[in-house]
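Engineer: Sharing structure.tsv (TSV, C-alpha atoms) below.
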chain	number	residue	atom	x	y	z
L	1	MET	CA	-66.09	-42.00	10.55
L	2	LEU	CA	-63.53	-44.61	11.67
L	3	LYS	CA	-64.47	-48.20	12.32
L	4	ALA	CA	-63.05	-50.10	15.27
L	5	GLY	CA	-61.39	-53.46	14.56
L	6	ALA	CA	-58.19	-55.29	13.86
L	7	ILE	CA	-55.50	-53.77	11.66
L	8	TRP	CA	-53.51	-56.25	9.59
L	9	ARG	CA	-49.95	-55.70	8.44
L	10	THR	CA	-47.20	-57.73	6.85
L	11	VAL	CA	-43.59	-57.51	8.01
L	12	THR	CA	-40.74	-58.87	5.91
L	13	VAL	CA	-37.31	-59.35	7.45
L	14	ARG	CA	-34.20	-60.20	5.44
L	15	GLY	CA	-30.71	-60.88	6.60
L	16	THR	CA	-27.71	-63.14	6.65
L	17	PRO	CA	-27.14	-65.50	9.58
L	18	LEU	CA	-24.11	-64.65	11.72
L	19	THR	CA	-23.43	-68.31	12.48
L	20	VAL	CA	-23.49	-71.45	10.34
L	21	PRO	CA	-26.95	-73.05	10.43
L	22	PRO	CA	-26.93	-76.35	12.38
L	23	ALA	CA	-28.44	-79.60	11.14
L	24	GLU	CA	-32.16	-79.93	11.77
L	25	SER	CA	-34.66	-82.76	11.44
L	26	ALA	CA	-38.46	-82.78	11.41
L	27	GLY	CA	-39.58	-86.18	10.10
L	28	LEU	CA	-36.63	-86.47	7.69
L	29	SER	CA	-32.93	-86.58	8.43
L	30	VAL	CA	-30.18	-85.87	5.90
L	31	SER	CA	-26.38	-85.90	5.89
L	32	LYS	CA	-23.72	-85.10	3.31
L	33	THR	CA	-20.32	-86.84	3.08
L	34	PHE	CA	-17.41	-86.16	0.72
L	35	TYR	CA	-15.22	-88.99	-0.62
L	36	SER	CA	-12.14	-89.26	-2.80
L	37	PHE	CA	-12.22	-91.55	-5.81
L	38	SER	CA	-10.44	-94.21	-3.74
L	39	GLY	CA	-13.25	-94.09	-1.16
L	40	GLY	CA	-11.31	-92.23	1.51
L	41	PRO	CA	-12.34	-89.06	3.33
L	42	VAL	CA	-11.74	-85.64	1.79
L	43	ASN	CA	-10.21	-82.75	3.73
L	44	LEU	CA	-12.46	-79.82	2.77
L	45	ALA	CA	-9.89	-77.33	4.09
L	46	SER	CA	-7.25	-78.35	1.57
L	47	LEU	CA	-8.82	-78.95	-1.83
L	48	LYS	CA	-7.01	-77.86	-4.99
L	49	GLN	CA	-8.46	-76.39	-8.15
L	50	GLY	CA	-9.32	-79.33	-10.44
L	51	ASP	CA	-9.88	-81.83	-7.60
L	52	ARG	CA	-12.88	-84.09	-8.02
L	53	VAL	CA	-14.93	-85.34	-5.09
L	54	ILE	CA	-17.84	-87.71	-4.70
L	55	VAL	CA	-20.72	-86.25	-2.70
L	56	LEU	CA	-23.01	-88.73	-0.93
L	57	VAL	CA	-26.34	-87.36	0.30
L	58	ARG	CA	-28.09	-89.86	2.54
L	59	GLY	CA	-31.04	-89.74	4.89
L	60	GLN	CA	-33.92	-91.43	6.63
L	61	SER	CA	-37.64	-90.90	7.18
L	62	SER	CA	-38.98	-91.22	10.71
L	63	ARG	CA	-42.57	-91.14	9.44
L	64	GLY	CA	-44.66	-94.27	9.00
L	65	GLN	CA	-46.15	-93.10	5.70
L	66	THR	CA	-44.82	-92.59	2.18
L	67	THR	CA	-43.30	-89.16	1.57
L	68	ALA	CA	-43.16	-87.34	-1.78
L	69	MET	CA	-39.60	-86.19	-1.15
L	70	ALA	CA	-37.23	-83.82	-2.89
L	71	VAL	CA	-33.51	-83.54	-2.15
L	72	ASP	CA	-31.88	-80.16	-2.82
L	73	ASP	CA	-28.12	-79.92	-2.39
L	74	ALA	CA	-26.84	-76.45	-3.31
L	75	LEU	CA	-23.23	-76.38	-4.48
L	76	PRO	CA	-20.66	-74.17	-2.84
L	77	ALA	CA	-19.41	-71.37	-5.09
L	78	GLY	CA	-16.40	-72.59	-7.05
L	79	PHE	CA	-17.82	-76.07	-7.68
L	80	GLU	CA	-19.62	-77.69	-10.60
L	81	ILE	CA	-21.25	-81.10	-11.00
L	82	GLU	CA	-19.61	-83.44	-13.50
L	83	THR	CA	-22.08	-86.32	-13.33
L	84	THR	CA	-24.76	-87.95	-11.20
L	85	LEU	CA	-24.28	-91.54	-10.05
L	86	SER	CA	-26.84	-94.30	-10.45
L	87	PRO	CA	-27.47	-97.38	-8.32
L	88	ASP	CA	-25.59	-99.40	-10.97
L	89	ASP	CA	-22.48	-97.23	-10.50
L	90	ALA	CA	-22.37	-98.19	-6.82
L	91	GLU	CA	-23.35	-101.82	-7.35
L	92	THR	CA	-21.13	-102.93	-10.23
L	93	GLY	CA	-18.94	-99.91	-10.95
L	94	PRO	CA	-15.95	-98.31	-9.25
L	95	PHE	CA	-18.05	-96.67	-6.52
L	96	LYS	CA	-18.94	-99.79	-4.48
L	97	PHE	CA	-17.66	-98.08	-1.32
L	98	LEU	CA	-20.77	-95.83	-1.42
L	99	GLY	CA	-23.06	-98.74	-0.60
L	100	LYS	CA	-26.54	-99.04	-2.08
L	101	LEU	CA	-27.80	-95.93	-3.91
L	102	THR	CA	-31.50	-95.15	-4.34
L	103	THR	CA	-33.26	-94.99	-7.70
L	104	ALA	CA	-34.72	-91.51	-8.10
L	105	SER	CA	-37.86	-90.62	-10.04
L	106	VAL	CA	-35.97	-87.49	-11.14
L	107	GLN	CA	-32.27	-86.72	-10.71
L	108	GLU	CA	-30.75	-83.50	-12.06
L	109	ALA	CA	-27.33	-81.86	-12.10
L	110	ARG	CA	-28.10	-78.15	-12.34
L	111	ASP	CA	-25.63	-75.26	-12.60
L	112	ASP	CA	-25.86	-74.45	-8.90
L	113	ARG	CA	-27.27	-77.57	-7.23
L	114	TYR	CA	-28.05	-81.27	-7.28
L	115	MET	CA	-31.75	-82.19	-7.22
L	116	ALA	CA	-33.52	-85.53	-6.81
L	117	ALA	CA	-37.11	-86.57	-6.20
L	118	MET	CA	-38.75	-89.84	-5.21
L	119	SER	CA	-41.55	-91.45	-3.23
L	120	LEU	CA	-39.82	-92.42	-0.01
L	121	PRO	CA	-41.53	-95.37	1.73
L	122	GLY	CA	-42.49	-94.94	5.37
L	123	ASN	CA	-39.49	-95.20	7.71
L	124	GLY	CA	-37.33	-95.72	4.61
L	125	GLY	CA	-33.88	-94.48	3.81
L	126	PHE	CA	-32.33	-92.91	0.73
L	127	ALA	CA	-28.86	-92.32	-0.70
L	128	PHE	CA	-27.91	-90.29	-3.78
L	129	ALA	CA	-24.45	-89.42	-5.07
L	130	TYR	CA	-22.75	-87.22	-7.64
L	131	VAL	CA	-19.27	-86.19	-8.73
L	132	ALA	CA	-18.27	-82.53	-8.32
L	133	ARG	CA	-15.14	-80.64	-9.35
L	134	ALA	CA	-13.48	-77.68	-7.64
L	135	VAL	CA	-13.10	-75.11	-10.43
L	136	THR	CA	-12.45	-71.79	-8.68
L	137	PRO	CA	-9.97	-71.09	-5.88
L	138	GLY	CA	-11.20	-69.41	-2.71
L	139	ASP	CA	-12.72	-69.83	0.75
L	140	PHE	CA	-16.39	-70.75	0.32
L	141	PHE	CA	-19.57	-71.32	2.33
L	142	LEU	CA	-20.68	-74.96	2.09
L	143	PRO	CA	-24.50	-75.15	2.18
L	144	GLY	CA	-26.15	-78.08	3.90
L	145	ALA	CA	-28.24	-80.56	1.91
L	146	GLN	CA	-32.03	-80.46	2.32
L	147	ALA	CA	-34.68	-83.16	2.13
L	148	ILE	CA	-38.27	-81.92	2.05
L	149	ASP	CA	-41.75	-83.36	1.78
L	150	MET	CA	-43.09	-81.64	-1.33
L	151	TYR	CA	-46.62	-81.42	0.08
L	152	HIS	CA	-46.06	-80.88	3.82
L	153	ALA	CA	-43.75	-77.98	4.64
L	154	GLY	CA	-43.34	-79.11	8.24
L	155	VAL	CA	-41.62	-82.36	7.18
L	156	PHE	CA	-37.99	-81.67	6.33
L	157	GLY	CA	-34.39	-82.18	7.26
L	158	HIS	CA	-31.17	-80.39	6.48
L	159	SER	CA	-27.55	-81.17	7.18
L	160	ALA	CA	-25.14	-78.80	8.84
L	161	ALA	CA	-23.48	-76.15	6.72
L	162	GLY	CA	-19.78	-75.43	6.81
L	163	ARG	CA	-16.85	-73.99	4.87
L	164	LEU	CA	-14.34	-75.31	2.36
L	165	VAL	CA	-11.12	-73.99	0.85
L	166	VAL	CA	-9.97	-74.47	-2.73
L	167	ALA	CA	-6.31	-73.58	-3.45
L	168	ALA	CA	-5.17	-72.45	-6.90
L	169	GLY	CA	-4.10	-75.33	-9.11
L	170	PRO	CA	-0.73	-75.82	-10.80
Before we go any further, please render this structure as structure tokens.

Structural biologist:
Amino acid sequence: MLKAGAIWRTVTVRGTPLTVPPAESAGLSVSKTFYSFSGGPVNLASLKQGDRVIVLVRGQSSRGQTTAMAVDDALPAGFEIETTLSPDDAETGPFKFLGKLTTASVQEARDDRYMAAMSLPGNGGFAFAYVARAVTPGDFFLPGAQAIDMYHAGVFGHSAAGRLVVAAGP
């Protein structure tokens, strides 16, 4: 004997986007900028193997309350992080052109990404930076940086993705 009622099912869909994901903001905004060691812009279409760049990840909360925030900036293939930068590096060191950097509760340089976490005050801003080196030649996808509220999935922001080219070194 069959019972009448709802039938539940789960559908999983996987795939690769055909276009580069655009920037998006829902309570948090985030952007990523690349600088040379002199503070000038970097042309991501003409990097050479061995080049070092400074990556500045900056953003803003549009919420009036404190956010337990994590920043996740996945590296493009062919890159590795050399070091993370502290607020002191931008205040008294050679990286003054970055402006004021934020003190993170946790800041990590992982094999494939930069991670930071902090309690972001309501309507507050943040800025984190690290040094990365181009180690492998090729044409690579450049993931956007993400800022997320660790306890509210609907509060997030991510920067636009793109592409970069690393030419073989001498």

Engineer: Edge lengths and centre in Å to one decimal, as AutoDock Vina command-line options, is what I'm after for the box along x, y and z that holds all listed atoms of segment 61-75 of chain L once 3 Å is added on each side.

Structural biologist:
--center_x -34.7 --center_y -85.3 --center_z 3.1 --size_x 28.9 --size_y 23.9 --size_z 21.2

Engineer: Residues near Gly138 of chain L, anyone? I mean within 8 Å using all atoms listed in the file, not counting same-chain ones fewer than 4 positions away, as a list in words.

Structural biologist: Gly78, Val165, Val166, Ala167 and Ala168 of chain L

Engineer: Which neighbours of segment 55-72 of chain L fall inside 7 Å, counting all atoms listed in the file, when residues of the same chain fewer than 6 positions from it are skipped, and could you give them as a PDB file with C-alpha atoms, keeping the file's coordinate frame?

Structural biologist:
ATOM      1  CA  GLY L  27     -39.580 -86.180  10.100  1.00  0.00           C
ATOM      2  CA  LEU L  28     -36.630 -86.470   7.690  1.00  0.00           C
ATOM      3  CA  SER L  29     -32.930 -86.580   8.430  1.00  0.00           C
ATOM      4  CA  VAL L  30     -30.180 -85.870   5.900  1.00  0.00           C
ATOM      5  CA  SER L  31     -26.380 -85.900   5.890  1.00  0.00           C
ATOM      6  CA  LYS L  32     -23.720 -85.100   3.310  1.00  0.00           C
ATOM      7  CA  THR L  33     -20.320 -86.840   3.080  1.00  0.00           C
ATOM      8  CA  PHE L  34     -17.410 -86.160   0.720  1.00  0.00           C
ATOM      9  CA  TYR L  35     -15.220 -88.990  -0.620  1.00  0.00           C
ATOM     10  CA  ARG L 113     -27.270 -77.570  -7.230  1.00  0.00           C
ATOM     11  CA  TYR L 114     -28.050 -81.270  -7.280  1.00  0.00           C
ATOM     12  CA  MET L 115     -31.750 -82.190  -7.220  1.00  0.00           C
ATOM     13  CA  ALA L 116     -33.520 -85.530  -6.810  1.00  0.00           C
ATOM     14  CA  ALA L 117     -37.110 -86.570  -6.200  1.00  0.00           C
ATOM     15  CA  MET L 118     -38.750 -89.840  -5.210  1.00  0.00           C
ATOM     16  CA  SER L 119     -41.550 -91.450  -3.230  1.00  0.00           C
ATOM     17  CA  LEU L 120     -39.820 -92.420  -0.010  1.00  0.00           C
ATOM     18  CA  PRO L 121     -41.530 -95.370   1.730  1.00  0.00           C
ATOM     19  CA  GLY L 122     -42.490 -94.940   5.370  1.00  0.00           C
ATOM     20  CA  ASN L 123     -39.490 -95.200   7.710  1.00  0.00           C
ATOM     21  CA  GLY L 124     -37.330 -95.720   4.610  1.00  0.00           C
ATOM     22  CA  GLY L 125     -33.880 -94.480   3.810  1.00  0.00           C
ATOM     23  CA  PHE L 126     -32.330 -92.910   0.730  1.00  0.00           C
ATOM     24  CA  ALA L 127     -28.860 -92.320  -0.700  1.00  0.00           C
ATOM     25  CA  PHE L 128     -27.910 -90.290  -3.780  1.00  0.00           C
ATOM     26  CA  ALA L 129     -24.450 -89.420  -5.070  1.00  0.00           C
ATOM     27  CA  TYR L 130     -22.750 -87.220  -7.640  1.00  0.00           C
ATOM     28  CA  VAL L 131     -19.270 -86.190  -8.730  1.00  0.00           C
ATOM     29  CA  ALA L 145     -28.240 -80.560   1.910  1.00  0.00           C
ATOM     30  CA  GLN L 146     -32.030 -80.460   2.320  1.00  0.00           C
ATOM     31  CA  ALA L 147     -34.680 -83.160   2.130  1.00  0.00           C
ATOM     32  CA  ILE L 148     -38.270 -81.920   2.050  1.00  0.00           C
ATOM     33  CA  ASP L 149     -41.750 -83.360   1.780  1.00  0.00           C
ATOM     34  CA  MET L 150     -43.090 -81.640  -1.330  1.00  0.00           C
TER      35      MET L 150
END

Engineer: Quick one: pull the distance between atom CA of Glu82 of chain L and atom CA of Ala160 of chain L, Å, one decimal.

Structural biologist: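 Rounded to one decimal, the two atoms are 23.5 Å apart.
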
Engineer: Tell me which of L:Gly39, L:Ala4, L:Phe141, L:Pro17 sits closest to Gly99 of chain L, counting all atoms listed in the file.

Structural biologist: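 Selected residue with least distance to Gly99 of chain L: L:Gly39.
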
Engineer: Hey, can you check how far atom CA of Arg133 of chain L sits from atom CA of Ile54 of chain L?

Structural biologist: 8.9 Å

Engineer: From the set L:Ala26, L:Val106, L:Ile7, L:Val13, which residue has the shortest atom-to-atom contact distance to Val155 of chain L, counting all atoms listed in the file?

Structural biologist: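 Going through L:Ala26, L:Val106, L:Ile7, L:Val13 one by one, the smallest distance to Val155 of chain L is for L:Ala26.
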
Engineer: Between atom CA of Leu101 of chain L and atom CA of Glu24 of chain L, what is the spacing in Å?

Structural biologist: 22.8 Å

Engineer: Measuring atom to atom with all atoms listed in the file, identify which of L:Asp112, L:Ala134, L:Leu98, L:Thr103 is nearest to Arg52 of chain L.

Structural biologist: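 Among the listed residues, the smallest separation from Arg52 of chain L belongs to L:Ala134.
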
Engineer: Do you know which residues are at most 12 Å from Phe140 of chain L counting all atoms listed in the file, after dropping those on the same chain fewer than 2 positions away, and could you put them as a list in words?

Structural biologist: Leu44, Ala45, Ser46, Leu47, Leu75, Pro76, Ala77, Gly78, Phe79, Ala134, Thr136, Pro137, Gly138, Leu142, Pro143, Ala161, Gly162, Arg163, Leu164, Val165, Val166 and Ala167 of chain L

Engineer: With C-alpha atoms retained, could you export that selection as a CSV table (one decimal), in the frame of the given file?

Structural biologist:
chain,number,residue,atom,x,y,z
L,44,LEU,CA,-12.5,-79.8,2.8
L,45,ALA,CA,-9.9,-77.3,4.1
L,46,SER,CA,-7.2,-78.4,1.6
L,47,LEU,CA,-8.8,-79.0,-1.8
L,75,LEU,CA,-23.2,-76.4,-4.5
L,76,PRO,CA,-20.7,-74.2,-2.8
L,77,ALA,CA,-19.4,-71.4,-5.1
L,78,GLY,CA,-16.4,-72.6,-7.0
L,79,PHE,CA,-17.8,-76.1,-7.7
L,134,ALA,CA,-13.5,-77.7,-7.6
L,136,THR,CA,-12.4,-71.8,-8.7
L,137,PRO,CA,-10.0,-71.1,-5.9
L,138,GLY,CA,-11.2,-69.4,-2.7
L,142,LEU,CA,-20.7,-75.0,2.1
L,143,PRO,CA,-24.5,-75.2,2.2
L,161,ALA,CA,-23.5,-76.2,6.7
L,162,GLY,CA,-19.8,-75.4,6.8
L,163,ARG,CA,-16.8,-74.0,4.9
L,164,LEU,CA,-14.3,-75.3,2.4
L,165,VAL,CA,-11.1,-74.0,0.8
L,166,VAL,CA,-10.0,-74.5,-2.7
L,167,ALA,CA,-6.3,-73.6,-3.4

Engineer: Counting all atoms listed in the file, figure out which residue out of L:Thr92, L:Thr12, L:Thr102, L:Ser25 gets nearest to His158 of chain L.

Structural biologist: L:Ser25

Engineer: When you count only C-alpha atoms, which of these residues is closest to Pro170 of chain L: L:Pro87, L:Gly50, L:Gly93, L:Gly154?

Structural biologist: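 Closest residue, counting only C-alpha atoms: L:Gly50.
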